[in-house]
Amino acid sequence: MTESRVLSLNNLSKRFGSVVANDAVNIELHRGEVLALLGENGAGKTTLMNMLFGHYLPDSGSIDVADEAGEMHPLTLGHPQAALDAGIGMVHQHFTLAENLTVLDSILLGSESLLSWRHNRRAAREKVGRIIERTGLAAPLDEQVGKLTVGERQRVEILKALYHDARILVLDEPTAVLTPQEADTLFENIDAMTKEGLSVIFISHKLREVLAFSHRIVVLRHGKKVGEIATSDADERVIARMMVGADTPVTPRETMEPGAPVLQLKAVTVKGDNARTSLHSVDLTIRAHEVVGIAGVSGNGQSALARMVSGLASPDSGEMMVSGNKISRFTPPVMQEAGVGRIPEDRHHDGVIGAMSVAENLVLERLNDAEVRKHGFLQQKYIRSQAEELSKDYDIRGPGIDADARLLSGGNIQKLILARVFECMPDLILANQPTRGLDMGAAAEVARRLMEARTRGAGVLLISEDLDEILALSDRVIVIHDGQLIEAHSKDRETIGLMMAGEHV
Amino acid sequence: MDILQILLTDSFWAAALRIATPLIFGVLGALICEKSGVLNLGIEGIFVAGAMAGWMAVWLGAGLWGGLLVAAMVGGFFGLIHAMLTVPLGLSQHVSGLGVTMLATSVSYFTYRTALPKVSSPPKIEPFQPLDIPVLSDLPFIGPVLFQQTAMTWLALFMVALVWWVLNRTPLGLAIRAVGDNPDAADAQGLSVYGLRIGAIVAGSALMALGGAFLTMSAFDSFFFGMVNGRGWICIALVIFASWRPGKALLGALLFGAFDAFQVRLQTEVGAFVPSQVFLMAPYVLSIFALVIVARRAEYPRALLQPWFKGQR
């Protein structure tokens, strides 16, 4: 297969300070191949691809890319323009689209000389049209990017790369923001593209799609390539073992009889600025010993639900009861008092105060407790001993309890939040995207703690975009779409996926 | 004379367009800077510098068009200072802009006083004269309003069209709009965010300086302290009024010019009963009202005020 080689990464290494992000990684890619790059968070997948695309300069190693005739040439490292010229296109996890431009303009951006006196929009439109015809990547060319759905934006990103004559396409976590159906469409498109001779590298940590859609799998762990396997020879257990280095412990769960209701919503309506922030007359009951998973694509009312349960927004009509008590004032302290523990979606922004110490952040929600505050003064001794204890119990690693919370990594910030929330023994726990961006170990810890709370008798409202997580943790699954809640009567992912896309099943 | 009759006179509309001219330059300049994502509060000082530099160049014998060129270059120079501070260094755009305003104003006054230490009234130059176009200038109403303006007014109107064309019809404009909305998008396409922003600020500042130069080289024939008198700040407000569109910028400038021309005429009508300050205030008050109504829907360039650093994503 050497003659069909289009890309070869040779012994690439990169370190950031004392952290080794990539250690002598070798990867080859062939014409028309779909290569999955798999690994936990922090395994070095994105760093590797950023070196390929010239965003980072490798400390050592080299990259060879084939030209149109198939001859290999060394790539100038550290220059995105060189990568673009060599036919490498990258679709970042966070899209790099300007929302005020039309789709066609976004695709055109950077493709013409800045000195030319006018666009050649007609020729561009024809070329994009031809690409759409070949690949099925449909997008409304004259619509503003800001008005597109996430799936459409992703197609625009891919179209952009293809318009720039990419022969190698790198997709960073392409399905993270898509519904299962959109994801399937994407992989159909990729299939069509590879038939045209395009080669694709996609980064993922979802085993299912890697197994279903790739030809070959490369697994990274701690910056090293730890495995390479043809997809036809792989199964979930084999790859999972490669990724984490051991079999993943399955969260044990026992069936439990649900108890008294801890959260009841009756015909609750929240009028937001738009559909993303609205709820339309929803009913919901969560009982003790019960985890209710809210599945859905982001922007379907999850934030309205989470904000209301956190006490950050009031419903326009309907009522909400926590442990049987009607909530009349929607403020964070009232919710806390009522027994709601909150794990916010954006843990860096809403979960901790970065400029305050770990110890102070741990008692933030207990400032009225006699142990924490006496005669209006903080009880430093208690706060510190409490922090030492919790850091040990919850394995919060970092520069210590007196260090600013912002210095902690994402996983450790989440552990800090868990410690703060669970120590208050809440009746209802709102867990909004609790494992997003966490590696497998930290995610498993979050899951274990949530299960522990369920056993203790708490009810859990789990909002997540990760369907696998919802299916693994929830007793009941409810789909949120367009501000409405629909109970899923089976845990079949196909069915739930269709419901997430708004189809009635 | 009936108040409404004022609106029907050609001299009123001619005055409105004349008053609007420096604002058109200023608002276009501010618009270009902001489209690229950088607020340029140096505008007030750049107006002063442009007024001073253009006038002095003409007085020293550069000729009117040479004077405009000098004004634009001086404006571009102060723009470059603002650009270096706010783009590669990523400093606060507000603080840097106000700093540039103070610097440019002071340097202009200083230069003026150094060059002319002992005069009580500054020397006069021969400014741009109203154009006299055969036939067109003699048309009733339209003639005096449009075709008896100076060349600078025509230059301003041409600039509206030019800026619109560049922003909406050229790859350069597309790139500027992209860096003002999401610099990462431009960077990912291999465009230089720094280069585009610095270029936009320098070009925008040069335009602002032309607005200042209009005051000394067309509206009047000499340089006075305090002659810019807040016109730069008005332009900053007008950009929002215009929702960052060149066509609407022209409309906003004309609206302000009309308010101002109207209040002058109103003063002569009813000035005996109402203090003149009320009239002087009127265009600003009306501008605030117009802004309140329009600005609610204004769509800001999303990256406005946000520094961007290469390699940080």
# chains A, B, ... in the order shown; residues from 1 in each chain; ligands from 1
>>> interface_residues(of="chain B", to="chain A", cutoff="12 Å", atoms="only C-alpha atoms", output="JSON, numbers by chain")
{"B": [35, 162, 165, 166, 167, 168, 169, 170, 171, 172, 173, 174, 175, 176, 177, 178, 179, 180, 181, 182, 183, 184, 185, 186, 187, 188, 189, 190, 191, 192, 193, 195, 196, 244, 299, 300, 301, 302, 303, 310, 311, 312, 313]}
>>> residues_around(residues="segment 82-96 of chain B", least_positions_apart="4", cutoff="10 Å", atoms="only C-alpha atoms", output="NGL selection string")
:B and (33 or 37-42 or 76-78 or 100-102 or 193-202 or 205 or 304-310)
>>> residues_around(residues="segment 60-71 of chain B", least_positions_apart="6", cutoff="8 Å", atoms="only C-alpha atoms", output="ChimeraX atom specification")
/B:49-54,127-128,206,209-210,213,217
>>> write_last_selection(atoms="N, CA and C atoms", output="PDB file, in the first residue's frame")
ATOM      1  N   ALA B  49      -5.785  66.478  14.795  1.00  0.00           N
ATOM      2  CA  ALA B  49      -4.504  66.352  14.098  1.00  0.00           C
ATOM      3  C   ALA B  49      -4.685  66.561  12.597  1.00  0.00           C
ATOM      4  N   GLY B  50      -5.770  66.006  12.039  1.00  0.00           N
ATOM      5  CA  GLY B  50      -6.028  66.149  10.607  1.00  0.00           C
ATOM      6  C   GLY B  50      -6.295  67.595  10.246  1.00  0.00           C
ATOM      7  N   ALA B  51      -7.087  68.266  11.084  1.00  0.00           N
ATOM      8  CA  ALA B  51      -7.419  69.674  10.838  1.00  0.00           C
ATOM      9  C   ALA B  51      -6.142  70.518  10.839  1.00  0.00           C
ATOM     10  N   MET B  52      -5.323  70.268  11.849  1.00  0.00           N
ATOM     11  CA  MET B  52      -4.092  71.026  12.026  1.00  0.00           C
ATOM     12  C   MET B  52      -3.083  70.733  10.901  1.00  0.00           C
ATOM     13  N   ALA B  53      -2.856  69.422  10.656  1.00  0.00           N
ATOM     14  CA  ALA B  53      -1.819  69.032   9.705  1.00  0.00           C
ATOM     15  C   ALA B  53      -2.169  69.477   8.295  1.00  0.00           C
ATOM     16  N   GLY B  54      -3.432  69.285   7.894  1.00  0.00           N
ATOM     17  CA  GLY B  54      -3.849  69.654   6.548  1.00  0.00           C
ATOM     18  C   GLY B  54      -3.701  71.147   6.329  1.00  0.00           C
ATOM     19  N   PRO B 127      -9.111  78.139   0.985  1.00  0.00           N
ATOM     20  CA  PRO B 127      -9.688  76.795   1.120  1.00  0.00           C
ATOM     21  C   PRO B 127     -10.319  76.300  -0.190  1.00  0.00           C
ATOM     22  N   PHE B 128     -10.808  75.053  -0.149  1.00  0.00           N
ATOM     23  CA  PHE B 128     -11.574  74.503  -1.270  1.00  0.00           C
ATOM     24  C   PHE B 128     -12.757  75.412  -1.547  1.00  0.00           C
ATOM     25  N   ALA B 206      -6.964  57.394   8.748  1.00  0.00           N
ATOM     26  CA  ALA B 206      -6.668  58.352   7.682  1.00  0.00           C
ATOM     27  C   ALA B 206      -7.952  59.048   7.240  1.00  0.00           C
ATOM     28  N   ALA B 209      -9.000  61.639   9.732  1.00  0.00           N
ATOM     29  CA  ALA B 209      -8.201  62.852   9.624  1.00  0.00           C
ATOM     30  C   ALA B 209      -8.721  63.745   8.496  1.00  0.00           C
ATOM     31  N   LEU B 210      -9.234  63.145   7.426  1.00  0.00           N
ATOM     32  CA  LEU B 210      -9.819  63.937   6.344  1.00  0.00           C
ATOM     33  C   LEU B 210     -11.029  64.707   6.853  1.00  0.00           C
ATOM     34  N   ALA B 213      -9.645  67.604   8.443  1.00  0.00           N
ATOM     35  CA  ALA B 213      -9.093  68.524   7.449  1.00  0.00           C
ATOM     36  C   ALA B 213     -10.195  69.328   6.760  1.00  0.00           C
ATOM     37  N   MET B 217      -9.969  73.243   5.913  1.00  0.00           N
ATOM     38  CA  MET B 217      -9.638  73.442   4.504  1.00  0.00           C
ATOM     39  C   MET B 217     -10.857  73.635   3.628  1.00  0.00           C
TER      40      MET B 217
END
>>> residues_around(residues="Leu286 of chain B", least_positions_apart="3", cutoff="10 Å", atoms="only C-alpha atoms", output="list in words")
Leu255, Phe256, Phe259, Asp260, Met281, Ala282, Pro283, Phe289, Ala290, Leu291 and Val292 of chain B
>>> write_last_selection(atoms="C-alpha atoms", output="short mmCIF file (atom, residue, chain, number, x, y, z; two decimals), in the first residue's frame")
data_model
loop_
_atom_site.label_atom_id
_atom_site.label_comp_id
_atom_site.auth_asym_id
_atom_site.auth_seq_id
_atom_site.Cartn_x
_atom_site.Cartn_y
_atom_site.Cartn_z
CA LEU B 255 -29.66 63.47 9.84
CA PHE B 256 -27.29 65.05 12.33
CA PHE B 259 -30.68 68.78 12.98
CA ASP B 260 -27.74 71.14 13.30
CA MET B 281 -28.16 71.06 22.54
CA ALA B 282 -30.91 69.96 20.18
CA PRO B 283 -28.92 67.94 17.62
CA PHE B 289 -33.15 59.66 20.82
CA ALA B 290 -32.43 58.32 17.35
CA LEU B 291 -29.73 56.12 18.85
CA VAL B 292 -32.01 54.75 21.54
#
>>> select_by_dssp(residues="segment 183-214 of chain A", states="alpha helix (DSSP H)", output="ChimeraX atom specification")
/A:183-195,207-213
>>> closest_residue(among="B:Leu280, B:Ile236, B:Ile19, B:Ile288", to="Gln149 of chain B", atoms="only C-alpha atoms")
B:Ile19
>>> residues_around(residues="His222 of chain A", least_positions_apart="2", cutoff="12 Å", atoms="only C-alpha atoms", output="PyMOL selection string")
chain A and resi 13-15+19-25+38-45+47-48+219-220+224-226+242-245+439
>>> write_last_selection(atoms="N, CA, C and O atoms", output="short mmCIF file (atom, residue, chain, number, x, y, z; two decimals), in the first residue's frame")
data_model
loop_
_atom_site.label_atom_id
_atom_site.label_comp_id
_atom_site.auth_asym_id
_atom_site.auth_seq_id
_atom_site.Cartn_x
_atom_site.Cartn_y
_atom_site.Cartn_z
N SER A 13 7.10 14.74 18.18
CA SER A 13 7.09 14.92 19.64
C SER A 13 6.79 16.36 19.95
O SER A 13 7.19 17.27 19.23
N LYS A 14 6.07 16.57 21.05
CA LYS A 14 5.78 17.94 21.49
C LYS A 14 5.62 17.92 23.00
O LYS A 14 4.91 17.09 23.55
N ARG A 15 6.31 18.82 23.67
CA ARG A 15 6.07 18.96 25.10
C ARG A 15 5.68 20.40 25.43
O ARG A 15 6.14 21.34 24.81
N VAL A 19 5.03 18.76 30.58
CA VAL A 19 4.05 17.77 30.13
C VAL A 19 4.38 17.31 28.71
O VAL A 19 4.54 18.13 27.81
N VAL A 20 4.49 16.01 28.54
CA VAL A 20 4.73 15.48 27.21
C VAL A 20 3.38 15.27 26.54
O VAL A 20 2.60 14.43 26.97
N ALA A 21 3.10 16.06 25.52
CA ALA A 21 1.80 15.94 24.85
C ALA A 21 1.84 14.86 23.78
O ALA A 21 0.88 14.12 23.59
N ASN A 22 2.96 14.78 23.07
CA ASN A 22 3.13 13.74 22.06
C ASN A 22 4.56 13.23 22.14
O ASN A 22 5.50 13.99 22.27
N ASP A 23 4.70 11.91 22.07
CA ASP A 23 6.02 11.31 22.22
C ASP A 23 6.28 10.39 21.03
O ASP A 23 5.73 9.30 20.95
N ALA A 24 7.07 10.87 20.09
CA ALA A 24 7.50 10.10 18.94
C ALA A 24 6.36 9.32 18.29
O ALA A 24 6.37 8.09 18.22
N VAL A 25 5.36 10.05 17.81
CA VAL A 25 4.20 9.39 17.20
C VAL A 25 4.43 9.20 15.70
O VAL A 25 4.86 10.13 15.01
N LEU A 38 -8.06 7.72 18.22
CA LEU A 38 -8.87 7.50 19.41
C LEU A 38 -8.02 7.70 20.64
O LEU A 38 -6.83 7.38 20.66
N GLY A 39 -8.61 8.19 21.70
CA GLY A 39 -7.88 8.34 22.94
C GLY A 39 -8.69 9.12 23.94
O GLY A 39 -9.63 9.82 23.58
N GLU A 40 -8.32 9.02 25.21
CA GLU A 40 -9.02 9.78 26.25
C GLU A 40 -8.71 11.27 26.08
O GLU A 40 -7.81 11.65 25.35
N ASN A 41 -9.41 12.09 26.85
CA ASN A 41 -9.06 13.50 26.87
C ASN A 41 -7.65 13.65 27.40
O ASN A 41 -7.28 13.00 28.36
N GLY A 42 -6.89 14.50 26.73
CA GLY A 42 -5.52 14.71 27.19
C GLY A 42 -4.57 13.65 26.70
O GLY A 42 -3.42 13.60 27.12
N ALA A 43 -5.02 12.79 25.79
CA ALA A 43 -4.12 11.76 25.27
C ALA A 43 -3.21 12.32 24.19
O ALA A 43 -2.27 11.67 23.77
N GLY A 44 -3.50 13.53 23.73
CA GLY A 44 -2.62 14.16 22.75
C GLY A 44 -3.14 14.12 21.32
O GLY A 44 -2.41 14.44 20.39
N LYS A 45 -4.43 13.78 21.14
CA LYS A 45 -4.97 13.69 19.78
C LYS A 45 -4.99 15.06 19.11
O LYS A 45 -4.52 15.22 17.99
N THR A 47 -3.44 17.83 19.96
CA THR A 47 -2.10 18.39 19.80
C THR A 47 -1.45 17.86 18.52
O THR A 47 -0.87 18.61 17.74
N LEU A 48 -1.60 16.58 18.31
CA LEU A 48 -1.00 15.95 17.14
C LEU A 48 -1.56 16.57 15.86
O LEU A 48 -0.82 16.92 14.94
N VAL A 219 -4.73 4.28 18.38
CA VAL A 219 -5.08 4.69 19.74
C VAL A 219 -3.90 5.39 20.39
O VAL A 219 -2.77 4.91 20.33
N LEU A 220 -4.16 6.55 20.96
CA LEU A 220 -3.13 7.29 21.69
C LEU A 220 -3.43 7.22 23.18
O LEU A 220 -4.58 7.25 23.60
N LYS A 224 1.40 8.84 23.57
CA LYS A 224 2.10 7.81 22.78
C LYS A 224 1.09 7.00 21.98
O LYS A 224 -0.05 6.82 22.40
N LYS A 225 1.57 6.51 20.85
CA LYS A 225 0.73 5.60 20.09
C LYS A 225 0.81 4.24 20.76
O LYS A 225 1.88 3.65 20.86
N VAL A 226 -0.31 3.76 21.28
CA VAL A 226 -0.28 2.49 22.02
C VAL A 226 -0.92 1.36 21.24
O VAL A 226 -0.87 0.21 21.68
N MET A 242 -7.17 -0.74 25.09
CA MET A 242 -6.04 0.04 24.58
C MET A 242 -6.08 1.47 25.09
O MET A 242 -5.07 2.05 25.45
N MET A 243 -7.28 2.06 25.12
CA MET A 243 -7.41 3.46 25.49
C MET A 243 -7.06 3.72 26.94
O MET A 243 -6.37 4.69 27.26
N VAL A 244 -7.57 2.90 27.82
CA VAL A 244 -7.37 3.18 29.24
C VAL A 244 -6.31 2.28 29.85
O VAL A 244 -5.91 2.45 30.99
N GLY A 245 -5.88 1.31 29.09
CA GLY A 245 -4.83 0.44 29.59
C GLY A 245 -5.36 -0.69 30.43
O GLY A 245 -4.61 -1.52 30.93
N ASP A 439 -11.86 13.17 31.42
CA ASP A 439 -11.36 11.91 30.90
C ASP A 439 -12.12 10.76 31.56
O ASP A 439 -12.92 10.96 32.46
#
>>> residues_around(residues="Ala219 of chain B", least_positions_apart="5", cutoff="12 Å", atoms="only C-alpha atoms", output="NGL selection string")
:B and (15 or 17-22 or 51 or 55 or 125-130 or 149-153 or 211-214 or 227-228)
>>> closest_residue(among="B:Val163, B:Cys235, B:Leu250, B:Ala258", to="Phe12 of chain B", atoms="only C-alpha atoms")
B:Ala258
>>> atom_distance(atom1="atom CA of Leu171 of chain A", atom2="atom CA of Gln93 of chain A")
7.5 Å
>>> residues_around(residues="Gly311 of chain A", least_positions_apart="5", cutoff="7 Å", atoms="only C-alpha atoms", output="ChimeraX atom specification")
/A:330-332,335
>>> closest_residue(among="A:Val103, A:Val170, A:Ala443, A:Val210", to="Lys147 of chain A", atoms="only C-alpha atoms")
A:Val103
>>> select_by_dssp(residues="segment 134-197 of chain A", states="strand (DSSP E or B)", output="list of chain:residue names")
A:Gln144, A:Ile168, A:Leu169, A:Val170, A:Leu171, A:Asp172
>>> atom_distance(atom1="atom CA of Ala447 of chain A", atom2="atom CA of Arg420 of chain A")
16.0 Å
